[in-house]
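For reference, coords-v6.txt (compact mmCIF, C-alpha atoms and all ligand atoms):
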```txt
# COMPACT_ATOMS: atom_id res chain seq x y z
CA MET E 13 21.67 8.43 5.08
CA LEU E 14 18.43 9.41 6.81
CA ASP E 15 19.46 13.07 6.97
CA HIS E 16 17.71 14.53 3.91
CA THR E 17 20.26 17.27 3.19
CA GLY E 18 23.23 17.92 0.88
CA PRO E 19 24.09 15.26 -1.73
CA VAL E 20 21.49 12.86 -0.27
CA VAL E 21 18.57 15.23 -0.81
CA ALA E 22 19.93 16.14 -4.26
CA ALA E 23 19.91 12.44 -5.18
CA GLU E 24 16.43 11.95 -3.66
CA ARG E 25 15.10 14.86 -5.75
CA ASN E 26 16.64 13.37 -8.86
CA ALA E 27 15.06 9.99 -8.06
CA ALA E 28 11.69 11.73 -7.45
CA ARG E 29 12.01 13.28 -10.93
CA ILE E 30 12.80 9.90 -12.51
CA PHE E 31 9.92 8.09 -10.75
CA HIS E 32 7.48 11.07 -11.11
CA ALA E 33 6.87 11.21 -7.35
CA ASP E 34 6.10 14.43 -5.45
CA HIS E 35 8.33 13.23 -2.61
CA LEU E 36 10.81 10.37 -2.50
CA PHE E 37 12.90 9.20 0.45
CA PHE E 38 15.78 6.75 0.48
CA VAL E 39 15.69 4.20 3.28
CA THR E 40 18.54 2.13 4.66
CA ASN E 41 17.37 -1.50 5.05
CA GLY E 42 14.80 -2.84 2.60
CA THR E 43 11.09 -2.69 1.93
CA SER E 44 10.28 -4.15 5.38
CA THR E 45 11.70 -1.01 6.98
CA SER E 46 10.11 1.24 4.34
CA ASN E 47 6.70 -0.31 5.07
CA LYS E 48 7.17 0.26 8.79
CA ILE E 49 8.22 3.88 8.20
CA VAL E 50 5.03 4.51 6.19
CA TRP E 51 2.91 2.84 8.84
CA GLN E 52 4.58 4.27 11.95
CA SER E 53 4.28 7.79 10.53
CA THR E 54 0.59 7.45 9.62
CA VAL E 55 -1.12 4.87 11.88
CA ALA E 56 -1.81 5.22 15.61
CA PRO E 57 -2.83 2.59 18.20
CA GLY E 58 -6.50 1.65 17.75
CA ASP E 59 -6.71 2.89 14.14
CA VAL E 60 -8.59 0.65 11.71
CA VAL E 61 -6.43 -0.46 8.77
CA VAL E 62 -7.44 -2.34 5.60
CA VAL E 63 -4.88 -4.92 4.58
CA ASP E 64 -4.31 -7.58 1.93
CA ARG E 65 -4.55 -10.93 3.84
CA ASN E 66 -1.60 -11.99 1.63
CA CYS E 67 0.53 -9.00 2.70
CA HIS E 68 4.22 -9.25 3.53
CA LYS E 69 4.99 -10.08 7.16
CA SER E 70 6.50 -6.60 7.69
CA ILE E 71 2.92 -5.28 7.47
CA LEU E 72 1.80 -7.81 10.09
CA HIS E 73 4.72 -6.63 12.24
CA ALA E 74 3.57 -3.02 11.78
CA ILE E 75 0.02 -3.95 12.84
CA THR E 76 1.40 -5.68 15.97
CA ILE E 77 3.97 -3.00 16.90
CA ILE E 78 1.46 -0.16 16.51
CA GLY E 79 -1.61 -1.93 17.91
CA ALA E 80 -3.74 -1.23 14.82
CA ILE E 81 -7.06 -3.01 14.18
CA PRO E 82 -6.83 -4.91 10.89
CA VAL E 83 -9.66 -5.59 8.50
CA PHE E 84 -8.47 -8.08 5.87
CA LEU E 85 -9.22 -8.23 2.13
CA MET E 86 -9.22 -11.92 1.18
CA PRO E 87 -7.53 -13.15 -2.00
CA THR E 88 -8.72 -16.25 -3.84
CA ARG E 89 -6.80 -19.54 -3.50
CA ASN E 90 -6.96 -22.32 -6.11
CA HIS E 91 -6.89 -26.09 -5.61
CA TYR E 92 -3.08 -26.09 -5.86
CA GLY E 93 -3.01 -23.76 -2.85
CA ILE E 94 -1.71 -20.89 -5.01
CA ILE E 95 -2.92 -17.49 -3.82
CA GLY E 96 -4.59 -15.47 -6.57
CA PRO E 97 -5.98 -11.94 -6.75
CA ILE E 98 -8.24 -10.18 -4.28
CA PRO E 99 -11.60 -10.04 -6.12
CA LEU E 100 -12.82 -6.59 -7.14
CA SER E 101 -15.87 -6.96 -4.86
CA GLU E 102 -13.55 -7.06 -1.81
CA PHE E 103 -12.48 -3.46 -2.56
CA SER E 104 -16.02 -2.05 -2.56
CA TRP E 105 -16.64 0.49 0.18
CA GLU E 106 -19.86 -1.29 1.23
CA ASN E 107 -17.85 -4.50 1.74
CA ILE E 108 -15.16 -2.70 3.77
CA GLU E 109 -17.81 -0.94 5.89
CA ARG E 110 -19.42 -4.33 6.54
CA LYS E 111 -16.10 -5.82 7.66
CA ILE E 112 -15.47 -2.88 10.02
CA ALA E 113 -18.98 -3.22 11.48
CA ALA E 114 -18.39 -6.97 12.04
CA ASN E 115 -15.02 -6.43 13.80
CA PRO E 116 -15.55 -6.45 17.60
CA PHE E 117 -12.43 -4.30 18.17
CA ALA E 118 -13.32 -1.53 15.69
CA GLU E 119 -15.39 1.52 16.59
CA THR E 120 -18.66 1.66 14.67
CA GLY E 121 -18.21 3.71 11.50
CA ALA E 122 -14.43 4.08 12.00
CA ARG E 123 -12.60 5.60 9.01
CA PRO E 124 -9.66 3.41 7.96
CA ARG E 125 -6.26 5.11 8.20
CA ILE E 126 -4.50 3.13 5.49
CA LEU E 127 -5.01 0.45 2.83
CA THR E 128 -2.00 -1.73 2.05
CA ILE E 129 -1.95 -3.96 -1.04
CA THR E 130 0.84 -6.26 -2.22
CA GLN E 131 1.43 -4.83 -5.69
CA SER E 132 2.87 -7.79 -7.45
CA THR E 133 2.59 -10.87 -5.34
CA TYR E 134 5.27 -13.54 -5.74
CA ASP E 135 3.05 -14.99 -8.50
CA GLY E 136 2.89 -11.69 -10.41
CA VAL E 137 -0.66 -10.62 -9.49
CA LEU E 138 -1.08 -6.87 -10.13
CA TYR E 139 -3.99 -4.51 -9.42
CA ASN E 140 -5.26 -1.58 -11.49
CA VAL E 141 -4.38 1.35 -9.22
CA GLU E 142 -6.71 3.76 -11.05
CA THR E 143 -9.66 1.44 -10.30
CA ILE E 144 -8.71 1.29 -6.60
CA LYS E 145 -8.32 5.09 -6.51
CA GLU E 146 -11.79 5.50 -8.06
CA MET E 147 -13.32 3.14 -5.50
CA LEU E 148 -11.56 4.34 -2.34
CA ASP E 149 -10.31 7.94 -2.81
CA GLY E 150 -11.58 9.92 0.18
CA ARG E 151 -12.77 6.78 1.99
CA ILE E 152 -9.32 5.69 3.23
CA ASP E 153 -6.71 8.33 4.13
CA ARG E 154 -3.69 6.59 2.57
CA LEU E 155 -3.54 4.08 -0.27
CA HIS E 156 -0.26 2.20 0.11
CA PHE E 157 1.12 -0.18 -2.51
CA ASP E 158 3.89 -2.52 -1.39
CA GLU E 159 5.87 -2.56 -4.64
CA ALA E 160 8.94 -4.42 -3.37
CA TRP E 161 9.03 -6.38 -6.66
CA LEU E 162 7.87 -3.63 -8.99
CA PRO E 163 10.30 -0.68 -9.17
CA HIS E 164 10.80 -1.35 -12.90
CA ALA E 165 7.08 -0.85 -13.71
CA PRO E 166 7.14 2.93 -14.41
CA PHE E 167 9.66 2.30 -17.21
CA HIS E 168 7.52 0.09 -19.45
CA ASP E 169 4.09 0.72 -21.07
CA PHE E 170 3.08 -2.87 -20.32
CA TYR E 171 2.44 -1.89 -16.67
CA ARG E 172 0.51 1.32 -17.42
CA ASN E 173 -1.95 1.71 -14.49
CA TYR E 174 -0.72 -1.42 -12.71
CA HIS E 175 1.67 0.39 -10.36
CA ALA E 176 1.16 3.26 -7.93
CA ILE E 177 3.10 6.32 -9.15
CA GLY E 178 4.28 7.38 -12.60
CA GLU E 179 4.22 9.89 -15.45
CA ASP E 180 0.82 11.54 -16.18
CA ARG E 181 -0.90 9.70 -13.33
CA ALA E 182 -3.52 11.81 -11.58
CA LEU E 183 -3.40 12.53 -7.87
CA CYS E 184 -6.32 11.39 -5.73
CA ALA E 185 -8.70 14.19 -4.76
CA GLU E 186 -8.21 13.40 -1.05
CA SER E 187 -6.22 10.26 -0.33
CA MET E 188 -2.42 10.11 -0.35
CA ILE E 189 -0.64 7.45 -2.42
CA PHE E 190 2.44 5.66 -1.11
CA SER E 191 4.67 3.24 -2.96
CA THR E 192 7.37 1.34 -1.10
C1 LIG T 201 5.87 -7.67 -1.12
C2 LIG T 201 7.06 -7.54 -0.24
N1 LIG T 201 7.14 -6.51 0.63
C3 LIG T 201 8.20 -6.34 1.42
C4 LIG T 201 9.28 -7.19 1.38
C5 LIG T 201 10.44 -6.96 2.29
O1 LIG T 201 11.57 -6.56 1.61
P1 LIG T 201 13.00 -6.54 2.32
O2 LIG T 201 13.45 -7.98 2.36
O3 LIG T 201 13.81 -5.69 1.39
O4 LIG T 201 12.85 -5.95 3.69
C6 LIG T 201 9.26 -8.26 0.49
C7 LIG T 201 10.40 -9.18 0.45
O5 LIG T 201 10.53 -10.08 -0.31
C8 LIG T 201 8.13 -8.45 -0.33
O6 LIG T 201 8.04 -9.46 -1.18
```

Rewritten as structure tokens:
Amino acid sequence: MLDHTGPVVAAERNAARIFHADHLFFVTNGTSTSNKIVWQSTVAPGDVVVVDRNCHKSILHAITIIGAIPVFLMPTRNHYGIIGPIPLSEFSWENIERKIAANPFAETGARPRILTITQSTYDGVLYNVETIKEMLDGRIDRLHFDEAWLPHAPFHDFYRNYHAIGEDRALCAESMIFST
């Protein structure tokens, strides 16, 4: 299945057409493995990474396996203990720079290799991807949206900019977008 030739690559190209992706790869196992494939092909030991504190544990595994240096974006939590959205201010470059500067393991001024956001939490919290692209394009090499619960989003107007990749969605000028 991981040999991208013959009928497999033909099906991957058809899926890329349907999802409006430049490249699309099937993965045996689920989104945990997909997340690790994205990370292990893009992050090296000692790289600074910017991660949703409410990310799936496969991302925490990737941080541990690779030896990356995480800087966390903190979501809100209400008095019922329910985790809400990461506030917009957490995504500002000044805030991320400040967090890197305050991290004793990170090199001063290090450029983050990847941002990973849980795109649809279990409670249905979604982020406007175009806003995140505007704020972080060129600042972080890869913008990765863990869309384990969101593959249906490109097929309904309701979700418009609230998923990573779809019809008529502009590329970043510099950063690469991943959806798992
Ligand atoms: C946001 C998110 N990412 C990744 C995963 C992992 O998916 P899988 O169980 O297919 O490995 C899950 C699983 O529920 C998830 O909710």

Query - For E:Leu162, the nearest of the candidates E:Leu138, E:Ala118, E:Cys67, E:Ala185, counting all atoms listed in the file - result: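 Among the listed residues, the smallest separation from E:Leu162 belongs to E:Leu138.
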
Report the closest atom pair, with its distance in Å rounded to one decimal, for each residue of chain E that has an atom no farther than 6 Å from ligand LIG 201 (chain T); count all atoms listed in the file, sort by chain and then rising residue number, and write it as JSON lines.
```
{"residue": "E:Gly42", "atom": "CA", "partner": "T:LIG201", "partner_atom": "O3", "distance": 3.3}
{"residue": "E:Thr43", "atom": "CA", "partner": "T:LIG201", "partner_atom": "O1", "distance": 3.9}
{"residue": "E:Ser44", "atom": "CA", "partner": "T:LIG201", "partner_atom": "O4", "distance": 3.6}
{"residue": "E:His68", "atom": "CA", "partner": "T:LIG201", "partner_atom": "N1", "distance": 4.9}
{"residue": "E:Thr130", "atom": "CA", "partner": "T:LIG201", "partner_atom": "C1", "distance": 5.3}
{"residue": "E:Asp158", "atom": "CA", "partner": "T:LIG201", "partner_atom": "C1", "distance": 5.5}
{"residue": "E:Ala160", "atom": "CA", "partner": "T:LIG201", "partner_atom": "C2", "distance": 4.8}
```

Written selection (C-alpha atoms) as a PDB file, in the coordinates of the input:
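Result file is part_33.pdb:
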```
ATOM      1  CA  GLY E  42      14.800  -2.840   2.600  1.00  0.00           C
ATOM      2  CA  THR E  43      11.090  -2.690   1.930  1.00  0.00           C
ATOM      3  CA  SER E  44      10.280  -4.150   5.380  1.00  0.00           C
ATOM      4  CA  HIS E  68       4.220  -9.250   3.530  1.00  0.00           C
ATOM      5  CA  THR E 130       0.840  -6.260  -2.220  1.00  0.00           C
ATOM      6  CA  ASP E 158       3.890  -2.520  -1.390  1.00  0.00           C
ATOM      7  CA  ALA E 160       8.940  -4.420  -3.370  1.00  0.00           C
TER       8      ALA E 160
END
```

Query raised in the report: Out of E:Tyr92, E:Trp105, E:Tyr134, E:Phe31, which residue has the shortest atom-to-atom distance to E:Ile152 when counting all atoms listed in the file?
Result: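 Closest to E:Ile152, using all atoms listed in the file: E:Trp105.
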
Query - Of the listed residues E:Ala23, E:Ile71, E:Pro163, E:Val61, that which approaches E:Ala122 most closely, counting all atoms listed in the file - result: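 For E:Ala122, the nearest of the candidates is E:Val61.
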
Query - Length of the atom CA of E:Ser191 to atom CA of E:Ile78 vector [Å] - result: 20.0 Å

Query raised in the report: Using all atoms listed in the file, which residues sit within 12 Å of E:Ile112 once same-chain residues fewer than 3 positions away are excluded, as a list in words?
Result: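 Within the cut-off, the hits are Asp59, Val60, Val61, Val62, Ile81, Pro82, Val83, Phe84, Leu85, Trp105, Glu106, Asn107, Ile108, Glu109, Asn115, Pro116, Phe117, Ala118, Glu119, Thr120, Gly121, Ala122, Arg123 and Pro124 of chain E.
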
Query raised in the report: Hey, which of E:Phe37, E:Arg154, E:His16, E:Ser53 ends up closest to E:Ser187? Count all atoms listed in the file.
Result: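 Distance minimum relative to E:Ser187 lands on E:Arg154.
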
Query raised in the report: Given the choices E:Arg89, E:Arg65, E:Arg110, E:Lys48, which gets closest to E:Ile77 if the distance is worked out from all atoms listed in the file?
Result: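 Ranking E:Arg89, E:Arg65, E:Arg110, E:Lys48 by distance to E:Ile77, first place goes to E:Lys48.
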
Query raised in the report: Interatomic distance between atom CA of E:Gln52 and atom CA of E:Phe190?
Result: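 Atom CA of E:Phe190 lies at a distance of 13.3 Å from atom CA of E:Gln52.
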
Query raised in the report: At what distance in Å, to one decimal, does atom CA of E:Leu14 lie from atom CA of E:Val141?
Result: 29.0 Å

Query raised in the report: Which is closest to E:Ala176 among E:Val20, E:Phe38, E:His32, E:Leu148, if we use all atoms listed in the file?
Result: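 Smallest distance to E:Ala176 is found for E:His32.
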
Query raised in the report: Using only C-alpha atoms, what residues lie at most 9 Å away from (0.7, -6.4, -12.7) (file coordinates), given as an MDAnalysis selection string?
Result: chainID E and resid 131:133 136:140 162 165 170:171 173:175

Query raised in the report: Contacts of E:Pro87 at 6 Å or less, counting all atoms listed in the file, minus same-chain residues fewer than 2 places along, as a list in words?
Result: Gly96, Pro97 and Ile98 of chain E

Hey, what's within 10 Å of E:Ala74 if we count all atoms listed in the file and toss same-chain stuff fewer than 6 positions away? As a CSV table (one decimal) with C-alpha atoms, in the frame of the given file, please?
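See part_16.csv below for the written result:
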```csv
chain,number,residue,atom,x,y,z
E,44,SER,CA,10.3,-4.2,5.4
E,45,THR,CA,11.7,-1.0,7.0
E,47,ASN,CA,6.7,-0.3,5.1
E,48,LYS,CA,7.2,0.3,8.8
E,49,ILE,CA,8.2,3.9,8.2
E,50,VAL,CA,5.0,4.5,6.2
E,51,TRP,CA,2.9,2.8,8.8
E,52,GLN,CA,4.6,4.3,12.0
E,55,VAL,CA,-1.1,4.9,11.9
E,80,ALA,CA,-3.7,-1.2,14.8
```

Query raised in the report: Can you tell me, as number ranges by chain, which residues sit within 6 Å of (-1.9, 0.3, -0.9) in the file's frame, using only C-alpha atoms?
Result: E: 127-129, 155-157

Requested write-out: C-alpha atoms of the selected residues, as a compact mmCIF listing (two decimals), in the frame of the given file:
```
# COMPACT_ATOMS: atom_id res chain seq x y z
CA LEU E 127 -5.01 0.45 2.83
CA THR E 128 -2.00 -1.73 2.05
CA ILE E 129 -1.95 -3.96 -1.04
CA LEU E 155 -3.54 4.08 -0.27
CA HIS E 156 -0.26 2.20 0.11
CA PHE E 157 1.12 -0.18 -2.51
```
